[in-house]
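> Below are the structure tokens for one structure; questions will follow.
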Amino acid sequence: MIQDFLIPLLVVGLGELGDKTNIAVFLLASKIKNPTHLFVGSMFAFLIVDGVAILAGKWVTTLVPVHIIKIFGGVLFILLGLWTLKNSKEEKKQKTWSYHPMIVGFLLIFLSEWGDKTQFATAILATRYQPWLVLGGVMTGLAIASLAAIWLGKFLSQKVEEKLLNKIAGVLFIVMGIVFLLSNGIL
């Protein structure tokens, strides 16, 4: 049962590090006075987007056999990992906003996370693990990633290249895909 929380925390938390929204939160945090508002707005948007992903993940299991979903999930994790590794050269350009940081954080996350690799990962994880624990793990991972972007973003950008963080996330997605396929006797 602990893996139902820890695996989503690690997969999504690391997957979000260095992602476009994580970088955008870092950049916005460097331009505002109260990063707490940015954090609250971002987390509320993550809750909505990933909550929908979890609901969709559980709903699909009533229509499609779980075995098929797990195979599809394993393949999708591998594809997401490859996509993450391929697209590890995202631009860091973001617009400056003059609106309330909570609203900007919410809109930024809400509009950019639909269809993102971490949302797909959340939906896939919800088909395999307990949805409430997945949500808890995902939200904890996203909170840690967001706090790192807000409070330690400057340090990370000076010490660790974005490419390296994306490579770690990509490799983790591929490993999870292989584990999913192995657990279903495919590999």
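Naming works like this for the structure tokens: A, B, ... for the chains as they're shown, residue 1 at the start of each chain, ligands 1 onward in shown order.
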Which neighbours of Leu107 of chain A fall inside 12 Å, counting only C-alpha atoms, when residues of the same chain fewer than 5 positions from it are skipped, and could you give them as a PyMOL selection string?
chain A and resi 21+24-25+38+40-46+48-49+97+99-102+112-114
> Quick one: residues within 7 Å of segment 139-146 of chain A, only C-alpha atoms, excluding same-chain residues fewer than 5 positions away - as a list in words?
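Close residues of segment 139-146 of chain A: Leu9, Leu10, Val12, Gly13, Glu16, Leu17, Asn22, Phe39, Met43 and Leu47 of chain A.
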> Using only C-alpha atoms, can you tell me which of A:Ile178, A:Gly185, A:Leu125, A:Val171 comes closest to Gly81 of chain A?
A:Val171
> Which residue, A:Leu6, A:Leu164, A:Ala126, A:Leu28, has the smallest gap to Leu108 of chain A when you use only C-alpha atoms?
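Ranking A:Leu6, A:Leu164, A:Ala126, A:Leu28 by distance to Leu108 of chain A, first place goes to A:Leu28.
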